[in-house]
There are 2 protein chains.
Amino acid sequence: MIQTSAQSLRHSNQRLLPPLGLGRWLIPCAGLLLASFATAGHATTPAQVLATSTATDWRTPAPDQTLLMELAGGRQVVIELATPFVPRHANRIATLARAHWYNGLAIVRVQDNYVTQWGDADGTQPLPNGITKLLAAEFSQPTLPAGVKFTELPDRDAYANHVGFAAGWPVAMENRNGPVWMAHCYGMVGAGRDAAADSGGAGELYAVIGHGPRHLDLNITLVGRVLLGMEHLAALPRGTETLGFYKTAAERTAILSARMLDELPLAQRPAVEVLRTDSAAYAAWLEARRNRKDDWYLHGAGHIDLCNALPPVRIR
Amino acid sequence: MIQTSAQSLRHSNQRLLPPLGLGRWLIPCAGLLLASFATAGHATTPAQVLATSTATDWRTPAPDQTLLMELAGGRQVVIELATPFVPRHANRIATLARAHWYNGLAIVRVQDNYVTQWGDADGTQPLPNGITKLLAAEFSQPTLPAGVKFTELPDRDAYANHVGFAAGWPVAMENRNGPVWMAHCYGMVGAGRDAAADSGGAGELYAVIGHGPRHLDLNITLVGRVLLGMEHLAALPRGTETLGFYKTAAERTAILSARMLDELPLAQRPAVEVLRTDSAAYAAWLEARRNRKDDWYLHGAGHIDLCNALPPVRIR
């Protein structure tokens, strides 16, 4: 039965599945970045929950708040901006992208178990007219944005009294009344800054490529999340200079272009969708993730931490 | 002042430092994998704590319990085995290594934000005489091994009531009397298994390359930790098949050899040291990590989670 399930899943060209015993030593599937569409039986595993979800459980990120970054070699990275939590930074990044300001810049730093960073490393590229280098920090918001539901996780968090998801974003609060801030989880994107709080300007961005460095929360402005192409940022060679900077320009990966999705013809926009964190499907998926009941699992943790619960992403 | 500090540190060939303002947008240093030796002032930052540590704060992993894996291209990976927690698996891996059993095998799977896996993917390589494929699981121990001090973290953990370090290993317990198990943190190494608990045999191993997948705890046997060369496992191209397996043999990275350190002449052994987690230096480092006071930091978290607190490693 286990063998049969595994084989039938294997033959259905699924990308991400729980391992159901493939006749060899294995470990199971990760936090599903791309959801599968397997036809499933009981909705008890995360993959099965997703397979039985409906179209309305998913949302399409707004094309005017989603960035498509093209790296050398045809590698595409799609980043959704967290506009409700960082309106100034989201606007700034969109403005820079529409001015083609990031085009021709490069990935300059990759530090293992920490971040991949890109942009104007030397701080010398002239900004578009009307844009100043510095931008006021958006480390937190006084309260949840109006109309946004907070889906609180039931488990403890090392860093905050309350954690969960709001409008799809991983957030933390000491007090339910706020302030609220986004959390540094794998795949989250932020805007580098210098020593002063208001010394960033979205001219350099970074993505988290290791265990969530939550000590950065409230210290630097997170701006969004990599929805697709995270592997293109995480699998890059680590830099050997201080802080993981590349030693030579030749080591850098060029950014061919960074455009907002609405700059592209419809047919060229990646058809990406994110599971709504205020949906019943997300609640069921979360519970299945908290208590894995795949055949392979022998012990359901009964818990989950924030950075292991980011909503699944799929290609429509 | 900040500029001066940063520049002087930059010129002293330090590998890992807090960023003190380099005149450009930056984000700070990660969980120090290699410790620096900067001459420091007040012992308030993690790097400064390490700089003022003494030789006795550090331990040298036992050469007969440490594996050196050499990958194609001269890339070296050093893995310490967690013998106190997994005596059977540590013994098995050492036996296989001494029989040169891993030599010529390959890295067969890299799944983003999850694991890199290597070994006998097809389960067809004959085992040395006297070795059977299966090995009883070592998911947990009934109590802490005799004589091992438990350095408990003061902060909450999503998955267990008590977490901390014992003999250098990240461990978790529901009850201080036990059982005790090791935690899936970035850089931890485990032994793949099939559906049954006792269906692994250390013929396939994996390293965690993403946010700690703690739901694997108590489901699979962790065997050790990558001390050096983690970047060689984490920066590999992700596999495009189900679960991140490589599609073709050509994508695999060959394991040229895997030997126990005591098989090597003294001069060829990497001079690696790990900060003792029962030392005062570790306690000070942990507290500094919990409350970052570098110039760059504006907000000390006042907390830390287990996987952000693994003891620093340095080259002597």
# chains A, B, ... in the order shown; residues from 1 in each chain; ligands from 1

$ residues_around --residues "segment 139-147 of chain A" --least-positions-apart "2" --cutoff "9 Å" --atoms "only C-alpha atoms" --output "mmCIF file with C-alpha atoms, in the first residue's frame"
data_model
loop_
_atom_site.group_PDB
_atom_site.id
_atom_site.type_symbol
_atom_site.label_atom_id
_atom_site.label_comp_id
_atom_site.auth_asym_id
_atom_site.auth_seq_id
_atom_site.Cartn_x
_atom_site.Cartn_y
_atom_site.Cartn_z
ATOM 1 C CA PRO A 84 0.231 46.794 4.237
ATOM 2 C CA PHE A 85 3.185 46.717 6.628
ATOM 3 C CA VAL A 86 5.756 48.788 4.736
ATOM 4 C CA ALA A 137 12.422 52.984 8.761
ATOM 5 C CA LYS A 149 -7.286 39.326 10.166
ATOM 6 C CA PHE A 150 -4.621 37.927 12.484
ATOM 7 C CA ALA A 166 -1.725 38.691 8.782
ATOM 8 C CA ARG A 176 -2.367 41.849 20.772
ATOM 9 C CA ASN A 177 -3.046 45.591 20.561
ATOM 10 C CA GLY A 178 0.294 46.122 18.844
ATOM 11 C CA PRO A 179 2.805 47.156 17.764
ATOM 12 C CA VAL A 180 3.150 44.469 15.107
ATOM 13 C CA TRP A 181 6.241 43.593 13.125
ATOM 14 C CA MET A 182 7.187 41.135 10.422
ATOM 15 C CA ALA A 197 17.534 53.543 11.728
ATOM 16 C CA ASP A 217 13.340 41.737 13.816
ATOM 17 C CA LEU A 218 12.660 45.370 14.784
ATOM 18 C CA ASN A 219 16.182 46.269 13.696
ATOM 19 C CA ILE A 220 15.754 46.492 9.961
ATOM 20 C CA THR A 221 12.854 46.863 7.543
ATOM 21 C CA LEU A 222 11.518 43.690 5.990
#

$ residues_around --residues "segment 279-295 of chain A" --least-positions-apart "6" --cutoff "6 Å" --atoms "only C-alpha atoms" --output "PyMOL selection string"
chain A and resi 20+44-46+49+53+57+301-304

$ select_by_dssp --residues "segment 263-306 of chain A" --states "helix (DSSP H, G or I)" --output "PDB file with C-alpha atoms, in the first residue's frame"
ATOM      1  CA  GLU A 263       5.023  46.100 -16.492  1.00  0.00           C
ATOM      2  CA  LEU A 266      -0.185  39.190 -19.005  1.00  0.00           C
ATOM      3  CA  ALA A 267       1.190  36.105 -20.715  1.00  0.00           C
ATOM      4  CA  GLN A 268       4.673  36.769 -19.340  1.00  0.00           C
ATOM      5  CA  ALA A 280     -10.093  27.318   6.243  1.00  0.00           C
ATOM      6  CA  ALA A 281      -7.646  25.546   3.947  1.00  0.00           C
ATOM      7  CA  TYR A 282      -4.714  27.302   5.610  1.00  0.00           C
ATOM      8  CA  ALA A 283      -6.046  26.404   9.050  1.00  0.00           C
ATOM      9  CA  ALA A 284      -6.322  22.756   7.994  1.00  0.00           C
ATOM     10  CA  TRP A 285      -2.890  22.814   6.356  1.00  0.00           C
ATOM     11  CA  LEU A 286      -1.378  24.349   9.487  1.00  0.00           C
ATOM     12  CA  GLU A 287      -2.930  21.708  11.707  1.00  0.00           C
ATOM     13  CA  ALA A 288      -1.697  18.968   9.394  1.00  0.00           C
ATOM     14  CA  ARG A 289       1.796  20.499   9.513  1.00  0.00           C
ATOM     15  CA  ARG A 290       1.643  20.668  13.303  1.00  0.00           C
ATOM     16  CA  LEU A 306       6.310  30.635  12.848  1.00  0.00           C
TER      17      LEU A 306
END

$ closest_residue --among "B:Pro265, B:Pro270, B:Gly203, B:Pro170" --to "chain A" --atoms "only C-alpha atoms"
B:Gly203

$ closest_residue --among "B:Val226, B:Val115, B:Ala72, B:Ala94" --to "Arg238 of chain B" --atoms "only C-alpha atoms"
B:Val115

$ select_by_dssp --residues "segment 50-298 of chain A" --states "strand (DSSP E or B)" --output "JSON, numbers by chain"
{"A": [58, 59, 66, 67, 68, 69, 70, 71, 75, 76, 77, 78, 79, 80, 81, 106, 107, 108, 109, 110, 111, 115, 116, 117, 118, 119, 135, 141, 150, 151, 152, 162, 163, 164, 165, 166, 169, 170, 171, 172, 173, 180, 181, 182, 188, 189, 190, 191, 193, 200, 204, 205, 206, 207, 208, 221, 222, 223, 224, 225, 226, 227, 228, 245, 253, 254, 255, 256, 257, 258, 259, 260, 272, 273, 274, 275]}

$ closest_residue --among "A:Gly300, A:Gly168, A:Gly201, A:Pro128" --to "His215 of chain B" --atoms "only C-alpha atoms"
A:Gly300

$ atom_distance --atom1 "atom CA of Gln117 of chain A" --atom2 "atom CA of Met188 of chain A"
11.8 Å

$ closest_residue --among "A:Ala195, A:Val208, A:Ala47, A:Ile79" --to "chain B" --atoms "only C-alpha atoms"
A:Ala195

$ residues_around --residues "Asn161 of chain A" --least-positions-apart "4" --cutoff "8 Å" --atoms "only C-alpha atoms" --output "number ranges by chain"
A: 156-157, 172-175

$ decode --residues "segment 173-187 of chain B" --atoms "N, CA and C atoms" --output "PDB file, in the first residue's frame"
ATOM      1  N   MET B 173      13.701  18.583  25.636  1.00  0.00           N
ATOM      2  CA  MET B 173      13.060  17.663  26.580  1.00  0.00           C
ATOM      3  C   MET B 173      11.688  18.218  26.942  1.00  0.00           C
ATOM      4  N   GLU B 174      10.734  17.351  27.098  1.00  0.00           N
ATOM      5  CA  GLU B 174       9.461  17.779  27.645  1.00  0.00           C
ATOM      6  C   GLU B 174       9.561  17.885  29.154  1.00  0.00           C
ATOM      7  N   ASN B 175      10.369  17.020  29.729  1.00  0.00           N
ATOM      8  CA  ASN B 175      10.527  16.914  31.174  1.00  0.00           C
ATOM      9  C   ASN B 175      12.018  16.857  31.466  1.00  0.00           C
ATOM     10  N   ARG B 176      12.447  17.581  32.472  1.00  0.00           N
ATOM     11  CA  ARG B 176      13.880  17.626  32.770  1.00  0.00           C
ATOM     12  C   ARG B 176      14.463  16.249  33.093  1.00  0.00           C
ATOM     13  N   ASN B 177      13.612  15.301  33.474  1.00  0.00           N
ATOM     14  CA  ASN B 177      14.107  13.952  33.756  1.00  0.00           C
ATOM     15  C   ASN B 177      14.291  13.114  32.488  1.00  0.00           C
ATOM     16  N   GLY B 178      13.877  13.647  31.376  1.00  0.00           N
ATOM     17  CA  GLY B 178      14.003  12.926  30.122  1.00  0.00           C
ATOM     18  C   GLY B 178      12.648  12.465  29.624  1.00  0.00           C
ATOM     19  N   PRO B 179      12.587  11.845  28.442  1.00  0.00           N
ATOM     20  CA  PRO B 179      13.701  11.593  27.529  1.00  0.00           C
ATOM     21  C   PRO B 179      14.257  12.881  26.904  1.00  0.00           C
ATOM     22  N   VAL B 180      15.414  12.735  26.285  1.00  0.00           N
ATOM     23  CA  VAL B 180      16.113  13.870  25.674  1.00  0.00           C
ATOM     24  C   VAL B 180      16.412  13.522  24.219  1.00  0.00           C
ATOM     25  N   TRP B 181      16.217  14.495  23.360  1.00  0.00           N
ATOM     26  CA  TRP B 181      16.488  14.245  21.941  1.00  0.00           C
ATOM     27  C   TRP B 181      17.194  15.438  21.320  1.00  0.00           C
ATOM     28  N   MET B 182      17.938  15.174  20.261  1.00  0.00           N
ATOM     29  CA  MET B 182      18.613  16.245  19.549  1.00  0.00           C
ATOM     30  C   MET B 182      17.634  16.921  18.589  1.00  0.00           C
ATOM     31  N   ALA B 183      17.927  18.186  18.298  1.00  0.00           N
ATOM     32  CA  ALA B 183      17.004  19.019  17.513  1.00  0.00           C
ATOM     33  C   ALA B 183      17.542  19.262  16.106  1.00  0.00           C
ATOM     34  N   HIS B 184      16.632  19.284  15.149  1.00  0.00           N
ATOM     35  CA  HIS B 184      16.973  19.550  13.750  1.00  0.00           C
ATOM     36  C   HIS B 184      17.242  21.038  13.542  1.00  0.00           C
ATOM     37  N   CYS B 185      18.485  21.410  13.686  1.00  0.00           N
ATOM     38  CA  CYS B 185      18.910  22.789  13.428  1.00  0.00           C
ATOM     39  C   CYS B 185      19.765  22.824  12.166  1.00  0.00           C
ATOM     40  N   TYR B 186      19.915  24.010  11.617  1.00  0.00           N
ATOM     41  CA  TYR B 186      20.780  24.214  10.451  1.00  0.00           C
ATOM     42  C   TYR B 186      22.142  23.578  10.720  1.00  0.00           C
ATOM     43  N   GLY B 187      22.601  22.758   9.792  1.00  0.00           N
ATOM     44  CA  GLY B 187      23.917  22.140   9.923  1.00  0.00           C
ATOM     45  C   GLY B 187      23.924  20.806  10.636  1.00  0.00           C
TER      46      GLY B 187
END
